[in-house]
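Reviewing the structure listed below.
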Amino acid sequence: MTKSHEEKLKAVKVAEDKKNAEIKALKKELDGMKSGVISTVSEIESVEGSTEEISAKLAAYQQFMSQYIVRAQEEKYKAVKAAEDVISKKYEGKLNAFMLNPVDASSLTVPGEAKSSETYDKRSATVAASGEAGKSRWGVEEVQRMASSAK
């Protein structure tokens, strides 16, 4: 009989502790409502889920965003390439229409050095001759250059 009475007292004590904890939580919530803060840890977990669920959602979101960003960049690259191809074809067609004989770029030649003209050779010879005579108004380096080009 003593044992059952002790067990009843323990059960009552546990029930009182639970009720007191609930009363304290409600008082805190009431104080929070008065001050404008309305959230408790138990409310947050019950509304949003446990930390494991939140971690799983975060990982899924990060994976989605990384795939989305990569796909968006690839699509943008493809769109730019397609636009470049269209513009290139458009202007190549216009250029070919303006040219009577469209030529291949490999058939064009770019001259290396300009060939010396007769007047330039005559001037070089005159400068070199006056340099040798010591009556040149040009510097020594210019006279040497003209003498080497006249030969």
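In the structure tokens, chains take the letters A, B, ... in the order shown, each chain's residues start at 1, and ligands count up from 1 in the order shown.
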ask   = If you count only C-alpha atoms, which residues fall within 12 Å of A:Ser148, apart from same-chain ones fewer than 3 positions away, as JSON, numbers by chain?
value = {"A": [121, 124, 125, 127, 128, 129, 141, 142, 143, 144, 145, 151]}
Q.
Just the number, please: distance in Å from atom CA of A:Thr51 to atom CA of A:Ser35, one decimal.
A.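 Between atom CA of A:Thr51 and atom CA of A:Ser35 the gap is 27.5 Å.
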From atom CA of A:Val80 to atom CA of A:Lys94 the spacing works out at 21.2 Å
Next on the checklist: Quick check, in Å to one decimal: how far apart do atom CA of A:Lys135 and atom CA of A:Lys122 lie?
Outcome noted: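 That distance, rounded to one decimal, is 17.2 Å.
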